[in-house]
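Below is the file start-v5.tsv, which contains TSV, C-alpha atoms and all ligand atoms.
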```tsv
chain	number	residue	atom	x	y	z
A	74	MET	CA	-3.53	-45.45	-2.63
A	75	SER	CA	-4.79	-45.51	0.93
A	76	LEU	CA	-4.62	-41.82	1.89
A	77	LYS	CA	-8.35	-41.19	1.88
A	78	ARG	CA	-8.42	-37.94	3.79
A	79	LYS	CA	-9.46	-34.52	2.67
A	80	HIS	CA	-7.33	-32.68	5.23
A	81	LEU	CA	-4.13	-33.20	7.19
A	82	LEU	CA	-4.85	-31.54	10.54
A	83	GLY	CA	-2.49	-33.61	12.69
A	84	LEU	CA	-0.85	-37.02	13.01
A	85	GLU	CA	-3.29	-38.09	15.73
A	86	GLY	CA	-5.45	-40.77	14.16
A	87	VAL	CA	-3.32	-41.13	11.01
A	88	SER	CA	-2.70	-44.85	10.45
A	89	LYS	CA	0.56	-46.69	9.86
A	90	GLU	CA	-0.57	-47.46	6.28
A	91	GLU	CA	-1.22	-43.78	5.61
A	92	ILE	CA	2.18	-42.76	6.99
A	93	PHE	CA	3.91	-45.36	4.82
A	94	GLU	CA	1.90	-44.20	1.80
A	95	ILE	CA	3.17	-40.65	2.38
A	96	PHE	CA	6.76	-41.94	2.85
A	97	GLU	CA	6.56	-43.93	-0.38
A	98	ALA	CA	5.37	-40.87	-2.29
A	99	ALA	CA	8.07	-38.76	-0.59
A	100	GLN	CA	10.71	-41.21	-1.80
A	101	SER	CA	9.57	-40.67	-5.41
A	102	MET	CA	9.51	-36.91	-4.83
A	103	LYS	CA	13.08	-37.08	-3.52
A	104	GLU	CA	14.12	-38.68	-6.78
A	105	ILE	CA	12.49	-35.85	-8.72
A	106	LEU	CA	14.44	-33.37	-6.58
A	107	GLN	CA	17.75	-34.97	-7.66
A	108	ARG	CA	17.01	-34.33	-11.36
A	109	PRO	CA	18.50	-31.35	-13.23
A	110	ILE	CA	14.94	-30.12	-13.88
A	111	LYS	CA	13.23	-30.49	-10.53
A	112	LYS	CA	9.64	-30.04	-11.66
A	113	VAL	CA	6.74	-32.29	-12.69
A	114	PRO	CA	3.29	-31.32	-14.04
A	115	THR	CA	1.33	-33.34	-11.41
A	116	LEU	CA	-0.61	-30.44	-9.87
A	117	GLN	CA	-0.95	-28.25	-12.95
A	118	GLY	CA	-4.16	-26.23	-12.65
A	119	VAL	CA	-4.34	-26.63	-8.85
A	120	THR	CA	-4.08	-23.44	-6.77
A	121	ILE	CA	-2.68	-23.56	-3.25
A	122	ALA	CA	-2.88	-20.71	-0.72
A	123	ASN	CA	-0.23	-20.56	1.99
A	124	LEU	CA	-1.79	-18.64	4.91
A	125	PHE	CA	0.85	-17.83	7.50
A	126	PHE	CA	-0.40	-15.97	10.57
A	127	GLU	CA	2.84	-16.64	12.46
A	128	ASN	CA	6.52	-16.27	11.57
A	129	SER	CA	8.18	-19.04	9.62
A	130	THR	CA	11.24	-19.59	7.45
A	131	ARG	CA	11.68	-23.30	6.70
A	132	THR	CA	8.06	-24.40	6.71
A	133	ARG	CA	6.75	-21.55	4.54
A	134	LEU	CA	9.52	-21.76	1.94
A	135	SER	CA	9.34	-25.54	1.95
A	136	PHE	CA	5.57	-25.63	1.29
A	137	ASP	CA	5.95	-22.92	-1.34
A	138	LEU	CA	8.71	-24.78	-3.14
A	139	ALA	CA	6.92	-28.14	-2.82
A	140	ALA	CA	3.83	-26.73	-4.53
A	141	ARG	CA	5.87	-25.09	-7.32
A	142	ARG	CA	7.89	-28.26	-7.94
A	143	LEU	CA	4.53	-29.97	-8.61
A	144	SER	CA	3.52	-27.12	-10.99
A	145	ALA	CA	0.68	-25.84	-8.75
A	146	ASP	CA	-0.08	-22.10	-8.68
A	147	VAL	CA	0.71	-20.64	-5.27
A	148	ILE	CA	-0.44	-17.54	-3.44
A	149	ASN	CA	1.33	-16.54	-0.25
A	150	PHE	CA	-0.43	-14.66	2.52
A	151	THR	CA	1.29	-13.42	5.66
A	152	SER	CA	-0.76	-11.68	8.33
A	153	SER	CA	1.67	-8.79	8.76
A	154	GLY	CA	0.79	-6.17	6.18
A	155	SER	CA	-2.67	-7.72	5.56
A	156	SER	CA	-6.23	-6.58	6.33
A	157	ILE	CA	-6.11	-8.54	9.61
A	158	SER	CA	-4.65	-5.35	11.07
A	159	LYS	CA	-7.80	-3.53	9.86
A	160	GLY	CA	-10.01	-5.83	11.96
A	161	GLU	CA	-11.01	-8.50	9.44
A	162	THR	CA	-11.84	-11.84	11.06
A	163	LEU	CA	-10.02	-15.06	10.24
A	164	LYS	CA	-13.19	-16.55	8.75
A	165	ASP	CA	-13.73	-13.55	6.46
A	166	THR	CA	-10.09	-13.48	5.36
A	167	ALA	CA	-10.16	-17.21	4.60
A	168	ARG	CA	-13.52	-17.09	2.78
A	169	ASN	CA	-12.39	-14.15	0.64
A	170	ILE	CA	-9.22	-15.91	-0.35
A	171	GLU	CA	-11.20	-19.07	-1.17
A	172	ALA	CA	-13.53	-17.01	-3.39
A	173	MET	CA	-10.52	-16.45	-5.65
A	174	LYS	CA	-10.92	-20.16	-6.56
A	175	ILE	CA	-8.25	-21.95	-4.64
A	176	ASP	CA	-8.15	-25.71	-4.06
A	177	ALA	CA	-6.02	-26.16	-0.95
A	178	VAL	CA	-4.99	-24.09	2.06
A	179	VAL	CA	-1.77	-24.55	4.00
A	180	VAL	CA	-2.20	-22.74	7.32
A	181	ARG	CA	0.02	-21.75	10.23
A	182	HIS	CA	-1.54	-19.96	13.19
A	183	HIS	CA	-0.61	-19.16	16.78
A	184	ALA	CA	-3.95	-20.54	18.01
A	185	SER	CA	-4.47	-24.29	18.33
A	186	GLY	CA	-7.50	-25.52	16.37
A	187	VAL	CA	-7.43	-22.97	13.52
A	188	PRO	CA	-6.84	-25.64	10.80
A	189	LYS	CA	-9.81	-27.64	12.13
A	190	PHE	CA	-11.95	-24.48	12.18
A	191	LEU	CA	-11.01	-23.71	8.55
A	192	SER	CA	-11.86	-27.29	7.55
A	193	GLU	CA	-15.38	-26.56	8.86
A	194	VAL	CA	-15.91	-23.19	7.13
A	195	LEU	CA	-14.08	-23.72	3.79
A	196	LYS	CA	-14.52	-26.24	0.98
A	197	SER	CA	-10.77	-26.45	0.26
A	198	ASN	CA	-8.35	-29.12	1.45
A	199	ILE	CA	-6.65	-27.93	4.64
A	200	ILE	CA	-3.08	-28.79	5.62
A	201	ASN	CA	-1.86	-27.79	9.06
A	202	ALA	CA	1.58	-26.11	8.97
A	203	GLY	CA	1.64	-25.66	12.78
A	204	ASP	CA	-1.16	-24.52	15.10
A	205	GLY	CA	-0.23	-23.12	18.50
A	206	ALA	CA	1.14	-25.84	20.76
A	207	HIS	CA	-1.11	-28.46	19.13
A	208	GLU	CA	0.37	-30.20	16.03
A	209	HIS	CA	2.76	-29.70	13.14
A	210	PRO	CA	2.13	-32.89	11.16
A	211	THR	CA	4.47	-32.35	8.19
A	212	GLN	CA	7.35	-31.60	10.59
A	213	GLY	CA	6.56	-34.83	12.48
A	214	LEU	CA	6.48	-36.74	9.17
A	215	LEU	CA	9.76	-35.31	7.91
A	216	ASP	CA	11.50	-36.01	11.23
A	217	ILE	CA	10.31	-39.63	11.23
A	218	PHE	CA	11.09	-40.05	7.50
A	219	THR	CA	14.66	-38.83	8.19
A	220	LEU	CA	15.00	-41.38	11.02
A	221	LYS	CA	13.63	-44.15	8.80
A	222	GLU	CA	16.17	-43.31	6.10
A	223	LYS	CA	18.96	-43.56	8.67
A	224	PHE	CA	17.84	-46.61	10.65
A	225	GLY	CA	15.68	-48.53	8.13
A	226	GLU	CA	12.96	-49.18	10.68
A	227	ILE	CA	11.12	-47.13	13.29
A	228	LYS	CA	9.62	-50.06	15.22
A	229	GLY	CA	11.63	-50.49	18.42
A	230	LEU	CA	13.79	-47.40	17.74
A	231	ARG	CA	14.48	-45.44	20.95
A	232	VAL	CA	13.78	-41.77	20.26
A	233	CYS	CA	14.08	-39.06	22.93
A	234	LEU	CA	12.58	-35.58	22.52
A	235	ILE	CA	14.58	-33.07	24.53
A	236	GLY	CA	13.65	-29.64	25.87
A	237	ASP	CA	10.47	-27.61	25.72
A	238	ILE	CA	7.86	-30.33	25.23
A	239	ALA	CA	5.08	-28.31	26.90
A	240	HIS	CA	4.93	-25.67	24.16
A	241	SER	CA	5.94	-27.86	21.25
A	242	ARG	CA	3.59	-28.86	18.44
A	243	VAL	CA	6.59	-30.61	16.88
A	244	ALA	CA	6.87	-32.85	19.96
A	245	ARG	CA	3.17	-33.68	19.84
A	246	SER	CA	3.24	-34.65	16.15
A	247	ASN	CA	6.45	-36.66	16.62
A	248	ILE	CA	4.92	-38.55	19.54
A	249	GLU	CA	1.72	-39.36	17.61
A	250	GLY	CA	3.58	-40.56	14.50
A	251	LEU	CA	6.34	-42.44	16.34
A	252	LYS	CA	3.78	-44.16	18.57
A	253	THR	CA	1.82	-45.32	15.52
A	254	LEU	CA	4.99	-46.81	14.01
A	255	GLY	CA	5.98	-48.57	17.24
A	256	ALA	CA	9.00	-46.52	18.42
A	257	GLU	CA	10.03	-46.39	22.09
A	258	ILE	CA	9.55	-42.72	22.93
A	259	SER	CA	10.97	-40.73	25.81
A	260	ILE	CA	11.11	-37.05	26.73
A	261	CYS	CA	13.69	-35.15	28.76
A	262	GLY	CA	13.87	-31.61	30.13
A	263	PRO	CA	13.15	-29.50	33.20
A	264	ALA	CA	10.03	-30.74	35.01
A	265	THR	CA	8.33	-27.39	34.31
A	266	LEU	CA	8.54	-28.04	30.55
A	267	LEU	CA	7.37	-31.67	30.57
A	268	PRO	CA	3.59	-32.23	30.66
A	269	ARG	CA	2.94	-35.16	33.05
A	270	GLU	CA	-0.14	-36.35	31.17
A	271	ILE	CA	2.17	-37.42	28.36
A	272	GLU	CA	3.00	-40.55	30.40
A	273	SER	CA	-0.49	-41.80	29.59
A	274	LEU	CA	0.59	-41.94	25.92
A	275	GLY	CA	3.22	-44.50	26.89
A	276	VAL	CA	6.08	-41.98	26.82
A	277	LYS	CA	8.93	-42.37	29.35
A	278	ILE	CA	10.06	-39.25	31.24
A	279	PHE	CA	13.71	-38.49	32.08
A	280	TYR	CA	14.75	-35.49	34.18
A	281	ASN	CA	18.46	-36.26	33.80
A	282	LEU	CA	19.95	-35.70	30.34
A	283	ASP	CA	22.80	-38.22	30.62
A	284	GLU	CA	20.32	-40.95	31.60
A	285	ALA	CA	18.09	-40.03	28.67
A	286	LEU	CA	20.99	-40.09	26.20
A	287	LYS	CA	22.13	-43.51	27.44
A	288	ASN	CA	18.69	-44.87	26.65
A	289	ALA	CA	18.28	-43.41	23.14
A	290	ASP	CA	19.34	-44.20	19.57
A	291	ALA	CA	18.27	-40.78	18.33
A	292	ILE	CA	17.33	-37.45	19.90
A	293	ASN	CA	15.17	-34.62	18.60
A	294	VAL	CA	16.29	-31.38	20.26
A	295	LEU	CA	13.62	-28.71	20.62
A	296	ARG	CA	13.92	-24.97	20.89
A	297	ILE	CA	13.03	-23.13	24.09
A	298	GLN	CA	9.87	-21.33	22.95
A	299	GLN	CA	10.08	-18.20	25.07
A	300	GLU	CA	7.41	-16.50	22.95
A	301	ARG	CA	4.84	-19.08	24.15
A	302	MET	CA	5.74	-18.95	27.86
A	303	GLU	CA	3.44	-16.91	30.01
A	304	SER	CA	5.93	-17.11	32.90
A	305	GLU	CA	9.52	-18.17	33.54
A	306	ARG	CA	9.90	-21.96	33.55
A	307	PHE	CA	13.59	-22.13	34.51
A	308	PRO	CA	16.08	-19.77	36.18
A	309	THR	CA	18.40	-18.79	33.31
A	310	LEU	CA	19.29	-19.87	29.78
A	311	ARG	CA	22.80	-20.47	31.07
A	312	GLU	CA	21.55	-22.96	33.61
A	313	TYR	CA	19.35	-24.62	30.99
A	314	GLN	CA	22.37	-24.94	28.71
A	315	HIS	CA	24.38	-26.48	31.53
A	316	LEU	CA	21.75	-29.09	32.45
A	317	PHE	CA	20.07	-29.84	29.12
A	318	GLY	CA	22.27	-28.44	26.32
A	319	ILE	CA	23.51	-31.01	23.80
A	320	THR	CA	27.27	-30.63	23.50
A	321	ASN	CA	30.01	-32.69	21.84
A	322	GLU	CA	31.54	-33.29	25.24
A	323	ARG	CA	28.34	-34.98	26.42
A	324	LEU	CA	27.92	-37.03	23.25
A	325	THR	CA	31.55	-38.21	23.24
A	326	LYS	CA	31.13	-39.64	26.75
A	327	LEU	CA	28.44	-41.99	25.46
A	328	ASN	CA	30.68	-44.41	23.54
A	329	LYS	CA	28.02	-44.82	20.86
A	330	LYS	CA	26.89	-42.77	17.90
A	331	ILE	CA	23.62	-41.10	18.67
A	332	ILE	CA	21.71	-39.32	15.89
A	333	VAL	CA	20.71	-35.70	16.45
A	334	LEU	CA	17.69	-33.99	14.90
A	335	HIS	CA	16.45	-30.43	15.43
A	336	PRO	CA	13.39	-28.99	13.65
A	337	GLY	CA	14.88	-25.47	13.66
A	338	PRO	CA	15.15	-22.63	14.25
A	339	ILE	CA	18.21	-23.36	16.39
A	340	ASN	CA	19.28	-21.32	19.38
A	341	ARG	CA	22.96	-22.06	18.94
A	342	ASP	CA	24.74	-22.77	22.20
A	343	VAL	CA	21.50	-22.85	24.18
A	344	GLU	CA	19.74	-26.21	23.54
A	345	ILE	CA	22.44	-27.39	21.11
A	346	SER	CA	26.07	-26.38	20.73
A	347	ALA	CA	27.30	-25.13	17.36
A	348	ASP	CA	29.74	-28.04	16.97
A	349	VAL	CA	26.96	-30.62	17.42
A	350	ALA	CA	24.59	-28.77	15.07
A	351	ASP	CA	27.25	-28.75	12.33
A	352	GLY	CA	28.91	-32.04	13.30
A	353	GLU	CA	28.79	-35.70	12.32
A	354	HIS	CA	25.85	-36.63	14.60
A	355	SER	CA	23.55	-34.04	13.06
A	356	LEU	CA	20.90	-34.73	10.39
A	357	ILE	CA	19.51	-31.19	10.57
A	358	LEU	CA	20.05	-30.33	6.90
A	359	ASP	CA	18.77	-33.76	5.80
A	360	GLN	CA	15.57	-32.88	7.66
A	361	VAL	CA	15.26	-29.64	5.68
A	362	GLU	CA	15.91	-31.45	2.39
A	363	ASN	CA	13.37	-34.16	3.24
A	364	GLY	CA	10.87	-31.48	4.24
A	365	VAL	CA	10.31	-30.46	0.63
A	366	ALA	CA	9.81	-34.09	-0.47
A	367	ILE	CA	7.37	-34.80	2.40
A	368	ARG	CA	5.35	-31.67	1.62
A	369	MET	CA	5.27	-32.54	-2.09
A	370	ALA	CA	3.98	-36.00	-1.11
A	371	VAL	CA	1.28	-34.60	1.19
A	372	LEU	CA	0.13	-31.98	-1.34
A	373	PHE	CA	0.08	-34.59	-4.12
A	374	LEU	CA	-1.84	-37.24	-2.15
A	375	ILE	CA	-4.37	-34.78	-0.74
A	376	CYS	CA	-4.97	-32.65	-3.83
A	377	THR	CA	-5.34	-35.63	-6.20
A	378	ASN	CA	-7.60	-37.66	-3.91
A	379	LYS	CA	-10.75	-38.22	-5.98
A	380	GLN	CA	-12.94	-38.58	-2.87
A	381	ASN	CA	-12.50	-34.92	-1.92
B	401	LIG	C1	8.98	-25.26	14.69
B	401	LIG	C2	7.63	-24.59	14.73
B	401	LIG	O1	7.42	-23.48	14.24
B	401	LIG	O2	6.75	-25.25	15.25
B	401	LIG	N1	9.77	-24.96	13.63
B	401	LIG	C3	9.53	-25.48	12.39
B	401	LIG	O3	8.44	-25.47	11.90
B	401	LIG	N2	10.57	-26.01	11.75
B	401	LIG	C4	9.63	-25.28	16.00
B	401	LIG	C5	9.99	-23.98	16.66
B	401	LIG	O4	9.44	-22.93	16.39
B	401	LIG	O5	10.85	-24.07	17.54
```
Write the structure described by the file as structure tokens, please.
Ligand code: NCD
Amino acid sequence: MSLKRKHLLGLEGVSKEEIFEIFEAAQSMKEILQRPIKKVPTLQGVTIANLFFENSTRTRLSFDLAARRLSADVINFTSSGSSISKGETLKDTARNIEAMKIDAVVVRHHASGVPKFLSEVLKSNIINAGDGAHEHPTQGLLDIFTLKEKFGEIKGLRVCLIGDIAHSRVARSNIEGLKTLGAEISICGPATLLPREIESLGVKIFYNLDEALKNADAINVLRIQQERMESERFPTLREYQHLFGITNERLTKLNKKIIVLHPGPINRDVEISADVADGEHSLILDQVENGVAIRMAVLFLICTNKQN
């Protein structure tokens, strides 16, 4: 086993060997999930706290289920309805929860850097479930795992991330992981949503969607994150849909089968049309299925690492 880390805070700095180690474990977890009884005793006696300070459907349920499938005990904390509204600080909340004898913390927070901060003030293993616009490592891993299942290899694969890159932790984690595995990465969207400094990571920038699609084997379509925009970045959603929306009409023109991913939640008929989301190009539900296996793999490798 080569995953020698106490925390998973991001995919930046995670090696190719570590990613493959996680994928190998996820493959075994996927097999467990096909069984009639989808549960193993691997993490019996381990207690995991899911601390969600920001809304979530897929990620929260997926981490919760992953922990239960491994027989861990799980406590779920969401900031709404908690003592955060009474003025308790993040550090106090986290330390109090840790005093209840937990082993690992899965955390989602609207501020970048919170998982790193918790790794400095707690003794538990910390797993980042999305921090601000920084990273969302398990989403990056499950996206890349889904592509690997489809294409066999990531090296040389042309992957384009489309849409709101500026506010997307999913984009950042995808770029880090894909870069480590040798993919050819590009991004496409309105100039106001594409951070220029990303070029220094070796990522190609397209401002024209048809050009980007021509040069890609797979695309990962991202949601317009209006809740993170401090000002308007494009005139109207209708115009965005017209210029950057993924529609069947656009994909049919390509004369090749391009694979479509979307981390969810989808804004149907804004960044992706309903027929593409539910159609033959889409691996969206495979991503969700693989998400549980990836999170089981990460929890297993981190919580059973003897060096912790
Ligand atoms: C993403 C997130 O929260 O970062 N969703 C997810 O975890 N599947 C992307 C988004 O909110 O658009």
- Task: Kindly compile the residues surrounding ligand LIG 401 (chain B) within 10 Å, counting all atoms listed in the file, and format them as a PyMOL selection string.
- Result: chain A and resi 127-133+135+181-183+202-213+237+240-244+294-301+335-340+360-361+364
- Atom pair atom CA of Gly275 of chain A / atom CA of Leu334 of chain A: separation (Å):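 Interatomic distance here is 21.5 Å.
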- Spatial neighbours of Leu356 of chain A, max dist 9 Å, all atoms listed in the file, sep filter under 6 positions, as a list in words: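 Using all atoms listed in the file, the neighbours found are Thr219, Leu220, Ile332, Val333, Leu334, His335 and Ala350 of chain A.
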- Task: Give as a list in words the set of residues within 8 Å of the point (16.4, -41.0, 17.1), where distances use the file's coordinates and all atoms listed in the file.
- Result: Leu220, Leu230, Arg231, Val232, Cys233, Ala289, Asp290, Ala291, Ile292, Asn293, Ile331, Ile332, Val333 and Leu334 of chain A
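Among A:Gly318, A:Pro308, A:Gly118, A:Gly250, the residue with the shortest atom-to-atom distance to Val87 of chain A, counting all atoms listed in the file, is A:Gly250.
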- Message: Can you measure atom CA of Glu97 of chain A to atom CA of Ala370 of chain A for me? One decimal in Å is fine.
- Response: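 Interatomic distance here is 8.4 Å.
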- Task: Give the answer as one residue: which of A:Phe126, A:Lys252, A:Tyr313, A:Lys77 has the shortest atom-to-atom distance to Ile157 of chain A, using only C-alpha atoms?
- Result: A:Phe126
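From atom CA of Leu286 of chain A back to atom CA of Glu322 of chain A, the distance works out to 12.6 Å.
Considering the residues A:Thr162, A:Thr325, A:Glu94, A:Ser88 and counting only C-alpha atoms, Gly255 of chain A has its shortest atom-to-atom contact with A:Ser88.
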- Just the residues within 12 Å of Ala172 of chain A, please, counting only C-alpha atoms, with nothing from its chain fewer than 6 positions along; format it as a VMD selection string. chain A and resid 120 122 165 to 166 195 to 197
- Mind checking which residues fall within 12 Å of Val194 of chain A, counting only C-alpha atoms, ignoring those fewer than 3 positions away in the same chain, and posting them as a count of residues only? 16
- Message: Set the distance at 10 Å and use all atoms listed in the file: which residues neighbour His315 of chain A once local chain neighbours fewer than 5 positions away are removed? I'd like the list as a list in words.
- Response: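 Selected residues are Thr309, Leu310, Thr320, Val343 and Glu344 of chain A.
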Could segment 119-138 of chain A be completed with N, CA, C and O atoms and written as a PDB file, keeping the file's coordinate frame, please?
```pdb
ATOM      1  N   VAL A 119      -3.917 -26.674 -10.258  1.00  0.00           N
ATOM      2  CA  VAL A 119      -4.340 -26.630  -8.850  1.00  0.00           C
ATOM      3  C   VAL A 119      -3.768 -25.355  -8.225  1.00  0.00           C
ATOM      4  O   VAL A 119      -2.614 -24.993  -8.485  1.00  0.00           O
ATOM      5  N   THR A 120      -4.571 -24.661  -7.421  1.00  0.00           N
ATOM      6  CA  THR A 120      -4.080 -23.440  -6.770  1.00  0.00           C
ATOM      7  C   THR A 120      -4.029 -23.648  -5.249  1.00  0.00           C
ATOM      8  O   THR A 120      -5.014 -24.082  -4.647  1.00  0.00           O
ATOM      9  N   ILE A 121      -2.885 -23.352  -4.685  1.00  0.00           N
ATOM     10  CA  ILE A 121      -2.680 -23.560  -3.250  1.00  0.00           C
ATOM     11  C   ILE A 121      -2.412 -22.213  -2.575  1.00  0.00           C
ATOM     12  O   ILE A 121      -1.598 -21.421  -3.067  1.00  0.00           O
ATOM     13  N   ALA A 122      -3.119 -21.949  -1.466  1.00  0.00           N
ATOM     14  CA  ALA A 122      -2.880 -20.710  -0.720  1.00  0.00           C
ATOM     15  C   ALA A 122      -2.116 -21.043   0.559  1.00  0.00           C
ATOM     16  O   ALA A 122      -2.539 -21.894   1.342  1.00  0.00           O
ATOM     17  N   ASN A 123      -0.980 -20.417   0.742  1.00  0.00           N
ATOM     18  CA  ASN A 123      -0.230 -20.560   1.990  1.00  0.00           C
ATOM     19  C   ASN A 123      -0.637 -19.397   2.904  1.00  0.00           C
ATOM     20  O   ASN A 123      -0.339 -18.246   2.601  1.00  0.00           O
ATOM     21  N   LEU A 124      -1.354 -19.707   3.981  1.00  0.00           N
ATOM     22  CA  LEU A 124      -1.790 -18.640   4.910  1.00  0.00           C
ATOM     23  C   LEU A 124      -0.959 -18.723   6.175  1.00  0.00           C
ATOM     24  O   LEU A 124      -1.138 -19.635   6.984  1.00  0.00           O
ATOM     25  N   PHE A 125      -0.046 -17.795   6.341  1.00  0.00           N
ATOM     26  CA  PHE A 125       0.850 -17.830   7.500  1.00  0.00           C
ATOM     27  C   PHE A 125       0.569 -16.653   8.427  1.00  0.00           C
ATOM     28  O   PHE A 125       0.874 -15.509   8.108  1.00  0.00           O
ATOM     29  N   PHE A 126      -0.050 -16.980   9.578  1.00  0.00           N
ATOM     30  CA  PHE A 126      -0.400 -15.970  10.570  1.00  0.00           C
ATOM     31  C   PHE A 126       0.667 -15.891  11.654  1.00  0.00           C
ATOM     32  O   PHE A 126       0.468 -15.261  12.670  1.00  0.00           O
ATOM     33  N   GLU A 127       1.764 -16.613  11.462  1.00  0.00           N
ATOM     34  CA  GLU A 127       2.840 -16.640  12.460  1.00  0.00           C
ATOM     35  C   GLU A 127       4.148 -16.753  11.686  1.00  0.00           C
ATOM     36  O   GLU A 127       4.165 -17.287  10.578  1.00  0.00           O
ATOM     37  N   ASN A 128       5.229 -16.272  12.277  1.00  0.00           N
ATOM     38  CA  ASN A 128       6.520 -16.270  11.570  1.00  0.00           C
ATOM     39  C   ASN A 128       6.965 -17.677  11.188  1.00  0.00           C
ATOM     40  O   ASN A 128       6.685 -18.641  11.883  1.00  0.00           O
ATOM     41  N   SER A 129       7.670 -17.757  10.082  1.00  0.00           N
ATOM     42  CA  SER A 129       8.180 -19.040   9.620  1.00  0.00           C
ATOM     43  C   SER A 129       9.238 -18.810   8.560  1.00  0.00           C
ATOM     44  O   SER A 129       9.110 -17.885   7.756  1.00  0.00           O
ATOM     45  N   THR A 130      10.275 -19.633   8.555  1.00  0.00           N
ATOM     46  CA  THR A 130      11.240 -19.590   7.450  1.00  0.00           C
ATOM     47  C   THR A 130      11.146 -20.898   6.688  1.00  0.00           C
ATOM     48  O   THR A 130      10.643 -20.957   5.558  1.00  0.00           O
ATOM     49  N   ARG A 131      11.620 -21.981   7.337  1.00  0.00           N
ATOM     50  CA  ARG A 131      11.680 -23.300   6.700  1.00  0.00           C
ATOM     51  C   ARG A 131      10.325 -23.768   6.183  1.00  0.00           C
ATOM     52  O   ARG A 131      10.184 -24.141   5.028  1.00  0.00           O
ATOM     53  N   THR A 132       9.328 -23.790   7.073  1.00  0.00           N
ATOM     54  CA  THR A 132       8.060 -24.400   6.710  1.00  0.00           C
ATOM     55  C   THR A 132       7.397 -23.662   5.556  1.00  0.00           C
ATOM     56  O   THR A 132       6.896 -24.270   4.608  1.00  0.00           O
ATOM     57  N   ARG A 133       7.417 -22.331   5.588  1.00  0.00           N
ATOM     58  CA  ARG A 133       6.750 -21.550   4.540  1.00  0.00           C
ATOM     59  C   ARG A 133       7.447 -21.737   3.195  1.00  0.00           C
ATOM     60  O   ARG A 133       6.817 -22.022   2.177  1.00  0.00           O
ATOM     61  N   LEU A 134       8.776 -21.617   3.203  1.00  0.00           N
ATOM     62  CA  LEU A 134       9.520 -21.760   1.940  1.00  0.00           C
ATOM     63  C   LEU A 134       9.401 -23.192   1.416  1.00  0.00           C
ATOM     64  O   LEU A 134       9.313 -23.417   0.212  1.00  0.00           O
ATOM     65  N   SER A 135       9.395 -24.137   2.342  1.00  0.00           N
ATOM     66  CA  SER A 135       9.340 -25.540   1.950  1.00  0.00           C
ATOM     67  C   SER A 135       7.986 -25.887   1.320  1.00  0.00           C
ATOM     68  O   SER A 135       7.929 -26.562   0.285  1.00  0.00           O
ATOM     69  N   PHE A 136       6.897 -25.410   1.900  1.00  0.00           N
ATOM     70  CA  PHE A 136       5.570 -25.630   1.290  1.00  0.00           C
ATOM     71  C   PHE A 136       5.467 -24.916  -0.050  1.00  0.00           C
ATOM     72  O   PHE A 136       4.920 -25.454  -1.013  1.00  0.00           O
ATOM     73  N   ASP A 137       5.996 -23.714  -0.110  1.00  0.00           N
ATOM     74  CA  ASP A 137       5.950 -22.920  -1.340  1.00  0.00           C
ATOM     75  C   ASP A 137       6.685 -23.649  -2.464  1.00  0.00           C
ATOM     76  O   ASP A 137       6.153 -23.863  -3.565  1.00  0.00           O
ATOM     77  N   LEU A 138       7.894 -24.084  -2.153  1.00  0.00           N
ATOM     78  CA  LEU A 138       8.710 -24.780  -3.140  1.00  0.00           C
ATOM     79  C   LEU A 138       8.076 -26.111  -3.528  1.00  0.00           C
ATOM     80  O   LEU A 138       8.038 -26.467  -4.717  1.00  0.00           O
TER      81      LEU A 138
END
```
